[in-house]
Amino acid sequence: MPSIAEIHDYYVDATEMYSRYSVGTGGWHVGLWDAGVTSHGQSILATNRRLLAGLAIDANTHILDAGCGSGSLAIWAARQFGCRVTGITVVPLHVAMAQLSAAMAGVSHLCDFQHVDMAAMTFPEASFDVVTNQETFCYVEDKLRYLRDVRRVLRPGGAWRVVDCARSERRPSARAERRHRRACAGWHTFPYARPSETERLMDDAGLQRQPTEDLTPLTLPCVREWLQPGLAGPAAVRRRERARDPRQYAAMVAHFDGSRAGARALIDGDFVYVRFAATKG
């Protein structure tokens, strides 16, 4: 089980790597190869669109992006819809990066980034119209408590939207269990829940859930790239990185091992990539 300090250190160590992965979009998440998508960058933006699809978002909407990273979703939404977005993260470095990116994108007046643990939010009741978790629900240990907090900070009729990996509903094999452990260790997440388990938690939290959407087939062109040889870079570069910062190098080795395990889990059906949706009545 990772601590908040370990999650913080992982993301500090991984910032440069994730920034390269984002190919200028700022997005550190799985890309969805929707119809018409022809590049990795386009697939990253397609995930943003799918996350917020079906919501009536305009200049009067206030979104909370829980686990905002360097602010890419917040900035994209502010530019796309003219809405206000509050982004929270446990990594102060990412707050500074997000603030700079928002200023460069001309949306500083719409974006507010804060150093806040999403598992310990203190926002007033009914503060937001939408709460998003873009591959960050996996970083919540007490998911029922968190969902109750999401319901608390949402305004009546407000929406919770998530895209994330989950464990398959089928009985796990020994291989699937190993992949699950490796993915969680490499990405520093808490154990993944099954979709049905998260759906029960939404019910218990008093949220009105909508049908869960299985997006796994749309992720496969993206995650197959994680299995390509040499993804971590040439051997000479890796040796220099290990000598320069052994801790960061160890984190990256674990990350790539977790990514390979996660990719194989998605390809073979041990994991699914899902979109959860719920509203506050």
# chains A, B, ... in the order shown; residues from 1 in each chain; ligands from 1
$ closest_atom_pairs --of "stretch 187-219 of chain A" --to "stretch 36-57 of chain A" --cutoff "10 Å" --atoms "only C-alpha atoms" --output "Markdown table"
| residue | atom | partner | partner_atom | distance |
| --- | --- | --- | --- | --- |
| A:Leu215 | CA | A:Arg50 | CA | 9.6 |
| A:Leu218 | CA | A:Ser43 | CA | 9.2 |
| A:Thr219 | CA | A:Ser43 | CA | 8.9 |
$ residues_around --residues "stretch 223-228 of chain A" --least-positions-apart "6" --cutoff "9 Å" --atoms "only C-alpha atoms" --output "number ranges by chain"
A: 30-31, 256, 259-260, 262-264, 266-267
$ write_last_selection --atoms "N, CA, C and O atoms" --output "short mmCIF file (atom, residue, chain, number, x, y, z; two decimals), in the first residue's frame"
data_model
loop_
_atom_site.label_atom_id
_atom_site.label_comp_id
_atom_site.auth_asym_id
_atom_site.auth_seq_id
_atom_site.Cartn_x
_atom_site.Cartn_y
_atom_site.Cartn_z
N VAL A 30 -4.11 7.20 -20.33
CA VAL A 30 -4.28 6.32 -21.49
C VAL A 30 -5.02 7.07 -22.60
O VAL A 30 -5.97 7.80 -22.34
N GLY A 31 -4.56 6.90 -23.83
CA GLY A 31 -5.26 7.49 -24.96
C GLY A 31 -6.34 6.56 -25.48
O GLY A 31 -6.18 5.34 -25.49
N PHE A 256 8.08 1.16 -15.58
CA PHE A 256 7.99 0.47 -16.86
C PHE A 256 7.59 -0.99 -16.68
O PHE A 256 6.86 -1.55 -17.51
N SER A 259 3.92 -0.81 -16.15
CA SER A 259 3.24 -0.49 -17.40
C SER A 259 3.13 -1.72 -18.30
O SER A 259 2.09 -1.94 -18.95
N ARG A 260 4.18 -2.51 -18.36
CA ARG A 260 4.11 -3.74 -19.16
C ARG A 260 3.07 -4.70 -18.59
O ARG A 260 2.30 -5.32 -19.34
N GLY A 262 0.45 -3.84 -16.77
CA GLY A 262 -0.86 -3.26 -17.02
C GLY A 262 -1.31 -3.42 -18.46
O GLY A 262 -2.48 -3.69 -18.74
N ALA A 263 -0.36 -3.27 -19.39
CA ALA A 263 -0.69 -3.43 -20.81
C ALA A 263 -1.14 -4.86 -21.10
O ALA A 263 -2.15 -5.09 -21.76
N ARG A 264 -0.37 -5.83 -20.60
CA ARG A 264 -0.75 -7.22 -20.84
C ARG A 264 -2.08 -7.56 -20.17
O ARG A 264 -2.88 -8.34 -20.70
N LEU A 266 -4.61 -5.50 -19.71
CA LEU A 266 -5.68 -4.94 -20.54
C LEU A 266 -5.87 -5.74 -21.83
O LEU A 266 -6.99 -6.00 -22.25
N ILE A 267 -4.78 -6.13 -22.45
CA ILE A 267 -4.87 -6.88 -23.70
C ILE A 267 -5.52 -8.25 -23.48
O ILE A 267 -6.34 -8.70 -24.28
#
$ residues_around --residues "stretch 162-179 of chain A" --least-positions-apart "2" --cutoff "7 Å" --atoms "only C-alpha atoms" --output "PDB file with N, CA and C atoms, in the first residue's frame"
ATOM      1  N   LEU A  51     -14.431  11.592 -21.204  1.00  0.00           N
ATOM      2  CA  LEU A  51     -14.647  11.782 -19.769  1.00  0.00           C
ATOM      3  C   LEU A  51     -15.812  12.727 -19.494  1.00  0.00           C
ATOM      4  N   THR A 132     -14.156  15.360 -11.388  1.00  0.00           N
ATOM      5  CA  THR A 132     -13.530  14.391 -12.286  1.00  0.00           C
ATOM      6  C   THR A 132     -12.359  13.687 -11.613  1.00  0.00           C
ATOM      7  N   ASN A 133     -12.183  12.431 -11.975  1.00  0.00           N
ATOM      8  CA  ASN A 133     -10.989  11.651 -11.620  1.00  0.00           C
ATOM      9  C   ASN A 133     -10.485  10.989 -12.893  1.00  0.00           C
ATOM     10  N   GLN A 134      -9.429  11.533 -13.439  1.00  0.00           N
ATOM     11  CA  GLN A 134      -8.851  10.978 -14.665  1.00  0.00           C
ATOM     12  C   GLN A 134      -7.652  10.121 -14.280  1.00  0.00           C
ATOM     13  N   GLU A 135      -7.934   8.804 -14.123  1.00  0.00           N
ATOM     14  CA  GLU A 135      -6.929   7.838 -13.666  1.00  0.00           C
ATOM     15  C   GLU A 135      -6.355   8.205 -12.303  1.00  0.00           C
ATOM     16  N   TRP A 160     -20.342  13.224 -11.169  1.00  0.00           N
ATOM     17  CA  TRP A 160     -19.003  12.646 -10.953  1.00  0.00           C
ATOM     18  C   TRP A 160     -18.654  11.838 -12.183  1.00  0.00           C
ATOM     19  N   ARG A 181      -0.530  -7.046  -9.013  1.00  0.00           N
ATOM     20  CA  ARG A 181       0.449  -6.582  -8.021  1.00  0.00           C
ATOM     21  C   ARG A 181       1.547  -5.746  -8.672  1.00  0.00           C
ATOM     22  N   ARG A 182       2.038  -6.191  -9.830  1.00  0.00           N
ATOM     23  CA  ARG A 182       3.120  -5.462 -10.510  1.00  0.00           C
ATOM     24  C   ARG A 182       2.646  -4.097 -10.998  1.00  0.00           C
ATOM     25  N   ALA A 183       1.448  -4.018 -11.540  1.00  0.00           N
ATOM     26  CA  ALA A 183       0.924  -2.736 -12.013  1.00  0.00           C
ATOM     27  C   ALA A 183       0.749  -1.768 -10.852  1.00  0.00           C
ATOM     28  N   TYR A 192      -6.719  -2.233  -7.367  1.00  0.00           N
ATOM     29  CA  TYR A 192      -7.854  -1.871  -8.207  1.00  0.00           C
ATOM     30  C   TYR A 192      -9.109  -2.618  -7.754  1.00  0.00           C
ATOM     31  N   ALA A 193     -10.238  -1.932  -7.821  1.00  0.00           N
ATOM     32  CA  ALA A 193     -11.522  -2.565  -7.562  1.00  0.00           C
ATOM     33  C   ALA A 193     -12.107  -3.085  -8.865  1.00  0.00           C
ATOM     34  N   ARG A 194     -13.064  -3.979  -8.761  1.00  0.00           N
ATOM     35  CA  ARG A 194     -13.838  -4.393  -9.929  1.00  0.00           C
ATOM     36  C   ARG A 194     -14.932  -3.363 -10.185  1.00  0.00           C
ATOM     37  N   PRO A 195     -15.404  -3.224 -11.435  1.00  0.00           N
ATOM     38  CA  PRO A 195     -16.475  -2.255 -11.702  1.00  0.00           C
ATOM     39  C   PRO A 195     -17.690  -2.445 -10.803  1.00  0.00           C
ATOM     40  N   ALA A 261       3.051  -4.818 -17.260  1.00  0.00           N
ATOM     41  CA  ALA A 261       2.053  -5.689 -16.634  1.00  0.00           C
ATOM     42  C   ALA A 261       0.642  -5.169 -16.891  1.00  0.00           C
ATOM     43  N   GLY A 262       0.450  -3.841 -16.770  1.00  0.00           N
ATOM     44  CA  GLY A 262      -0.865  -3.262 -17.020  1.00  0.00           C
ATOM     45  C   GLY A 262      -1.307  -3.423 -18.461  1.00  0.00           C
ATOM     46  N   ALA A 265      -2.323  -6.956 -18.993  1.00  0.00           N
ATOM     47  CA  ALA A 265      -3.587  -7.197 -18.300  1.00  0.00           C
ATOM     48  C   ALA A 265      -4.767  -6.658 -19.099  1.00  0.00           C
ATOM     49  N   GLY A 269      -7.483  -9.121 -20.916  1.00  0.00           N
ATOM     50  CA  GLY A 269      -8.754  -9.090 -20.210  1.00  0.00           C
ATOM     51  C   GLY A 269      -8.673  -9.243 -18.711  1.00  0.00           C
ATOM     52  N   ASP A 270      -7.462  -9.182 -18.139  1.00  0.00           N
ATOM     53  CA  ASP A 270      -7.338  -9.199 -16.682  1.00  0.00           C
ATOM     54  C   ASP A 270      -7.777  -7.865 -16.085  1.00  0.00           C
ATOM     55  N   PHE A 271      -7.536  -6.776 -16.825  1.00  0.00           N
ATOM     56  CA  PHE A 271      -8.000  -5.440 -16.474  1.00  0.00           C
ATOM     57  C   PHE A 271      -9.037  -4.995 -17.501  1.00  0.00           C
ATOM     58  N   VAL A 272      -9.856  -4.047 -17.105  1.00  0.00           N
ATOM     59  CA  VAL A 272     -10.702  -3.313 -18.036  1.00  0.00           C
ATOM     60  C   VAL A 272     -10.472  -1.823 -17.793  1.00  0.00           C
ATOM     61  N   TYR A 273     -10.698  -1.038 -18.825  1.00  0.00           N
ATOM     62  CA  TYR A 273     -10.591   0.421 -18.710  1.00  0.00           C
ATOM     63  C   TYR A 273     -12.003   0.970 -18.844  1.00  0.00           C
ATOM     64  N   VAL A 274     -12.481   1.632 -17.799  1.00  0.00           N
ATOM     65  CA  VAL A 274     -13.901   1.954 -17.722  1.00  0.00           C
ATOM     66  C   VAL A 274     -14.144   3.441 -17.461  1.00  0.00           C
ATOM     67  N   ARG A 275     -15.325   3.857 -17.808  1.00  0.00           N
ATOM     68  CA  ARG A 275     -15.825   5.197 -17.495  1.00  0.00           C
ATOM     69  C   ARG A 275     -16.986   5.036 -16.525  1.00  0.00           C
ATOM     70  N   PHE A 276     -16.822   5.566 -15.321  1.00  0.00           N
ATOM     71  CA  PHE A 276     -17.893   5.598 -14.347  1.00  0.00           C
ATOM     72  C   PHE A 276     -18.588   6.960 -14.414  1.00  0.00           C
ATOM     73  N   ALA A 277     -19.881   6.966 -14.180  1.00  0.00           N
ATOM     74  CA  ALA A 277     -20.646   8.206 -14.205  1.00  0.00           C
ATOM     75  C   ALA A 277     -21.744   8.134 -13.151  1.00  0.00           C
TER      76      ALA A 277
END
$ atom_distance --atom1 "atom CA of A:Asp142" --atom2 "atom CA of A:Thr89"
17.1 Å
$ atom_distance --atom1 "atom CA of A:Ile88" --atom2 "atom CA of A:Pro217"
29.9 Å
